[in-house]
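Student: Quick one: structure below, then a few questions.
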Amino acid sequence: MKETLNLNIKEISRLLKNREITSFALTEFYIKRIKKYDPLISSYLKLTEDIAYEMASEADRRLEKKEGGMLTGIPLGIKDILCIEGIETTCASQILKGFIPPYDATVIKKLKKEGFVHLGRLNMDEFAMGSSTENSSFQITKNPWALDRIPGGSSGGSASAVAAGLCAASLGTDTGGSIRQPAALCGVVGMKPTYGRVSRYGLIAFASSLDQIGPITRNVTDCAIIMNVIAGHDPLDSTSIPQPVFDFTEALGKDIKGLRIGIPKEYFIEGIEPDVKKSVIESISIFEKNGAHIEEISLPHTEYAVATYYIISPAEASSNLARYDGVKYGLRVQGKDIIEMYKKTRLKGFGKEVKRRIILGTYVLSSGYYDAYYRKASQVRTLIRKDFEEAFKVCDLIVTPVSPTTAFKIGEKSEDPLNMYLSDIFTIPVNLAGLPAISVPCGFDTLGLPIGLQIIGRPLDEARILSAAFYIEQEKKLKKIPDMFL
Amino acid sequence: MKINDETIKYVAHLARLELEEKEIELYTNQLNSILEYMEKLNKLDTSNIEPTSHPVALECALREDEVKESFSVEKSTKNAPERIGSFFKVPPIIEIEE
């Protein structure tokens with residue numbers, strides 16, 4: 001069973017369909033691995049063992065009858081922000097402890113229809129606010145490549161579990177880089193689809209104009225396979241794009257001759273680690289050697305993206321998180337009247353980063369400051385979006401680093417929020433513009449820590465991004481799972 | 001300094017958050033440095049720029065007004081910390097005169 005760790009989902013699915021292995025045995029293999037290895041990295045908040053075996057048995061029944069799709073019987077881990085009926089979903093927050101969703105998120109419904117196996121709930125920064133998963137109110141997740149370092153965030157549990165081989169693949173969410181940055185720091189693949197490509201129904205909202213769900217996987221093929229299942233229009237999400245979805249795996253293995261790749265000069269700034277820069281430039285030359293045209297481009301408003309994002313996202317969050325009031329679900333702390341009950345509940349239920357962002361968001365939306373902050377940021381957002389529109393007139397894809405650094409040490413930035421926010425500098429503009437992008441592993445630094453390459457595309461052009469990412473993956477053939485976990 | 005303790009207390013009240021004394025001081029300092037960083041947006045002239053509230057242009061999604069099954073009251077209120085029958089129970093909102 002151990003050899004399945006080196007296979008992609010297409011190959012594992014073939015073994016399942018040919019009945020060379022059963023989903024039950026594959027699930028048991030992963031559950032044993034989680035019990036053995038997860039104490040080292042704390043990626044799972046909860047293992048749903050009984051449910052996993054039940055789903056695996058059901059998948060085996062379908063497979064026996066020659067039914068099912070590519071994900072039938074495949075064990076996945078799910079970020080604890082996606083609602084699943086009957087299983088506690090907490091967003092890694094005390095305020096949602098004990099919350100049992102009465103319905104499935106659309107992506108979960110789609111995965112269930114395929115017959116996936118739910119292994120458990122993966123850790124994250126509380127309400128997806130953070131870049132290190134240190135803001136989880138339950139546990140600190142570690143990077144499988146160096147246990148004293150952070151896995152990135154906010155989907156840090158998802159990325160570390162995939163990297164350590166504790167699930168076949170996982171789902172994460174990305175508001176300012178929360179799929180791509182942890183994928184880069186853990187040496188796995190992570191895609192943020194075009195805004196509206198994947199339904200957000202049942203995704204617990206952080207910043208609604210930025211949030212997107214996407215796959216975190218050990219290879220690009222798996223990413224395409226999961227995109228095939230989760231993408232598509234959903235009447236339950238009014239921001240869902242009514243565009244047809246085709247088979248993303250068909251994009252893999254395509255020639256890159258003639259592809260125009262833009263390199264934004266603003267993304268190779270001071271502060272970027274030399275190893276990261278070197279590895280990204282090396283990847284660009286691989287594209288060039290194989291017939292792609294490399295163009296230097298400019299995204300002139302890049303330096304304003306972090307400030308813009310940290311006005312818009314807390315503003316939306318302060319509104320979205322108003323629903324946690326101790327009335328409908330989750331924690332309640334009693335008070336003498338309803339206002340005191342709200343305040344005491346929210347004092348006890350929210351962690352310090354969440355409170356910081358609610359205060360910041362409430363401040364920038366408050367009377368007298370709205371124009372100076374929120375309106376101003378929304379206008380700068382237009383400029384950032386237009387930068388990309390201009391750039392895509394002369395190139396088909398944009399290639400950049402994902403993060404200026406490799407994984408930093410646990411505790412290194414946790415007392416300095418602004419410094420932490422600046423680590424999202426290369427991923428945030430993509431969310432502001434609503435574009436699709438991937439993080440694909442492109443090398444290791446001198447300490448052996450993974451480096452990610454970001455490939456950004458035009459709206460709805462995920463296929464071309466996957467095709468370029470697949471090219472890099474095949475050229476590099478990098479190690480996927482650290483020795484400690486083999 | 002753009003904001004002081006009083007502003008933080010006021011904003012926290014608007015957001016229905018109770019803060020501990022040491023948090024008020026911490027947030028005042030941190031928010032000042034964050035807001036100072038945001039000042040850089042003022043370097044840009046945006047006087048004729050339309051704001052973007054949403055990354056993709058969306059048409060208002062409409063559907064037929066059909067009666068469909070929705071969550072039962074039991075299912076919708078099951079997670080409530082306190083309830084009476086089919087209602088959410090909360091502390092008194094309106095003061096009662098003696």
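As shown in the structure tokens, the chain order sets the letters A, B, ...; within each chain, residues go from 1, and ligands are also counted from 1 in the order they appear.
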Show me, as a ChimeraX atom specification, every residue of chain B with an atom at most 7 Å from chain A, counting only C-alpha atoms.
Tutor: /B:11-12,15-19,27,34,37-38,41,46,49-56,58,61,75,77,79-81,88,90-93
Student: Quick one: write out the picked residues with C-alpha atoms as a PDB file, in the first residue's frame?
Tutor:
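See selection05.pdb below for the written result:
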ATOM      1  CA  VAL B  11     -14.839  50.681  17.888  1.00  0.00           C
ATOM      2  CA  ALA B  12     -14.808  47.582  20.084  1.00  0.00           C
ATOM      3  CA  ALA B  15     -18.255  45.527  17.044  1.00  0.00           C
ATOM      4  CA  ARG B  16     -19.745  44.180  20.307  1.00  0.00           C
ATOM      5  CA  LEU B  17     -16.368  43.090  21.577  1.00  0.00           C
ATOM      6  CA  GLU B  18     -15.280  43.339  25.169  1.00  0.00           C
ATOM      7  CA  LEU B  19     -11.535  43.907  25.460  1.00  0.00           C
ATOM      8  CA  TYR B  27      -4.381  46.933  19.757  1.00  0.00           C
ATOM      9  CA  ILE B  34      -0.950  49.186  10.520  1.00  0.00           C
ATOM     10  CA  TYR B  37       1.446  51.664   6.708  1.00  0.00           C
ATOM     11  CA  MET B  38      -1.881  52.169   4.914  1.00  0.00           C
ATOM     12  CA  LEU B  41      -2.429  54.584  -0.501  1.00  0.00           C
ATOM     13  CA  THR B  46      -7.751  57.970  -7.418  1.00  0.00           C
ATOM     14  CA  ILE B  49     -11.266  55.767 -10.503  1.00  0.00           C
ATOM     15  CA  GLU B  50     -14.356  53.633 -10.079  1.00  0.00           C
ATOM     16  CA  PRO B  51     -14.184  51.467  -6.964  1.00  0.00           C
ATOM     17  CA  THR B  52     -14.130  47.663  -7.369  1.00  0.00           C
ATOM     18  CA  SER B  53     -16.280  45.915  -4.815  1.00  0.00           C
ATOM     19  CA  HIS B  54     -16.238  42.642  -6.665  1.00  0.00           C
ATOM     20  CA  PRO B  55     -13.546  41.096  -8.858  1.00  0.00           C
ATOM     21  CA  VAL B  56     -15.849  39.851 -11.618  1.00  0.00           C
ATOM     22  CA  LEU B  58     -21.822  39.911 -12.110  1.00  0.00           C
ATOM     23  CA  ALA B  61     -28.711  36.256 -10.221  1.00  0.00           C
ATOM     24  CA  LYS B  75     -32.671  21.329  11.986  1.00  0.00           C
ATOM     25  CA  THR B  77     -32.308  25.614  15.650  1.00  0.00           C
ATOM     26  CA  ASN B  79     -27.175  24.224  17.229  1.00  0.00           C
ATOM     27  CA  ALA B  80     -28.597  27.002  19.420  1.00  0.00           C
ATOM     28  CA  PRO B  81     -27.033  27.299  22.887  1.00  0.00           C
ATOM     29  CA  PHE B  88     -33.978  30.995  20.045  1.00  0.00           C
ATOM     30  CA  VAL B  90     -31.987  35.304  24.503  1.00  0.00           C
ATOM     31  CA  PRO B  91     -31.648  37.551  27.575  1.00  0.00           C
ATOM     32  CA  PRO B  92     -34.179  40.419  27.896  1.00  0.00           C
ATOM     33  CA  ILE B  93     -33.812  43.064  25.177  1.00  0.00           C
TER      34      ILE B  93
END
Student: Which residues in chain B does DSSP call helix (DSSP H, G or I)? List them as a count of residues only.
Tutor: 38
Student: Env of Ser57 of chain A: 12 Å cut, atoms = only C-alpha atoms, seq-sep filter 4 positions within chain, self excluded. Answer as a PyMOL selection string.
Tutor: chain A and resi 22-28+50-53+61-64+72-75+115-117
Student: May I have the selected residues written with C-alpha atoms, as an mmCIF file, in the first residue's frame?
Tutor:
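Generated output (again22.cif):
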data_model
loop_
_atom_site.group_PDB
_atom_site.id
_atom_site.type_symbol
_atom_site.label_atom_id
_atom_site.label_comp_id
_atom_site.auth_asym_id
_atom_site.auth_seq_id
_atom_site.Cartn_x
_atom_site.Cartn_y
_atom_site.Cartn_z
ATOM 1 C CA THR A 22 -9.821 -1.807 -1.843
ATOM 2 C CA SER A 23 -10.830 1.620 -0.620
ATOM 3 C CA PHE A 24 -11.175 0.096 2.848
ATOM 4 C CA ALA A 25 -7.526 -1.020 2.875
ATOM 5 C CA LEU A 26 -6.365 2.318 1.449
ATOM 6 C CA THR A 27 -8.352 4.161 4.120
ATOM 7 C CA GLU A 28 -6.908 1.928 6.832
ATOM 8 C CA ASP A 50 -15.814 5.552 11.720
ATOM 9 C CA ILE A 51 -17.202 7.807 9.005
ATOM 10 C CA ALA A 52 -14.120 7.160 6.857
ATOM 11 C CA TYR A 53 -14.552 3.367 7.044
ATOM 12 C CA ARG A 61 -19.640 -1.502 -3.061
ATOM 13 C CA ARG A 62 -19.847 0.948 -5.976
ATOM 14 C CA LEU A 63 -16.466 -0.087 -7.343
ATOM 15 C CA GLU A 64 -17.485 -3.763 -7.219
ATOM 16 C CA THR A 72 -14.458 7.076 -5.707
ATOM 17 C CA GLY A 73 -12.768 5.549 -2.676
ATOM 18 C CA ILE A 74 -9.992 8.169 -2.454
ATOM 19 C CA PRO A 75 -9.278 9.343 1.137
ATOM 20 C CA GLY A 115 -17.754 8.751 -3.421
ATOM 21 C CA PHE A 116 -14.720 10.222 -1.647
ATOM 22 C CA VAL A 117 -13.620 9.129 1.824
#
Student: Could you tell me which of A:Gly452, A:Pro441, A:Gly130, A:Gly187 comes closest to Gln474 of chain A if we count only C-alpha atoms?
Tutor: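 Closest residue, counting only C-alpha atoms: A:Pro441.
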Student: Provide the atom CA of Tyr201 of chain A to atom CA of Ile455 of chain A distance in Å, to one decimal place.
Tutor: 26.5 Å
Student: If you run DSSP over the backbone, which residues in chain B end up strand (DSSP E)? Put them as a list in words.
Tutor: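 Selection result, strand (DSSP E) within chain B: Arg83, Ile84, Phe87 and Phe88 of chain B.
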Student: Name all residues at most 7 Å from Met191 of chain A (count only C-alpha atoms; drop same-chain ones fewer than 3 positions away) and give them as a VMD selection string.
Tutor: chain A and resid 179 to 180 214 to 216 437 to 439
Student: Considering only C-alpha atoms, return as a list of chain:residue names whatever protein or nucleic-acid residues lie within 10 Å of Val394 of chain A, sequence-local ones (same chain, fewer than 6 positions apart) excluded.
Tutor: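 Neighbouring residues, sequence-local ones excluded: A:Arg260, A:Ile261, A:Gly262, A:Glu295, A:Glu296, A:Ile297.
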Student: Since we have the selection now, will you write its residues out, keeping C-alpha atoms, as a PDB file, in the first residue's frame?
Tutor:
ATOM      1  CA  ARG A 260       4.107  34.068 -23.708  1.00  0.00           C
ATOM      2  CA  ILE A 261       5.202  34.289 -20.093  1.00  0.00           C
ATOM      3  CA  GLY A 262       5.307  37.626 -18.295  1.00  0.00           C
ATOM      4  CA  GLU A 295       8.556  39.106 -21.530  1.00  0.00           C
ATOM      5  CA  GLU A 296       9.429  41.534 -18.782  1.00  0.00           C
ATOM      6  CA  ILE A 297       6.192  43.186 -17.719  1.00  0.00           C
TER       7      ILE A 297
END
Student: At what distance in Å, to one decimal, does atom CA of Pro264 of chain A lie from atom CA of Ile284 of chain A?
Tutor: 12.1 Å
Student: Between atom CA of Ser43 of chain A and atom CA of Gly156 of chain A, what is the distance in Å, rounded to a tenth?
Tutor: 7.5 Å
Student: Restricting the calculation to only C-alpha atoms: of A:Leu252, A:Leu122, A:Leu397, A:Leu460, which residue gets closest to Arg197 of chain A?
Tutor: A:Leu460
Student: Using only C-alpha atoms, which residue out of A:Trp145, A:Phe444, A:Phe206, A:Phe388 lies closest to Lys277 of chain A?
Tutor: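 Looking at the shortest contact to Lys277 of chain A, the residue is A:Phe444.
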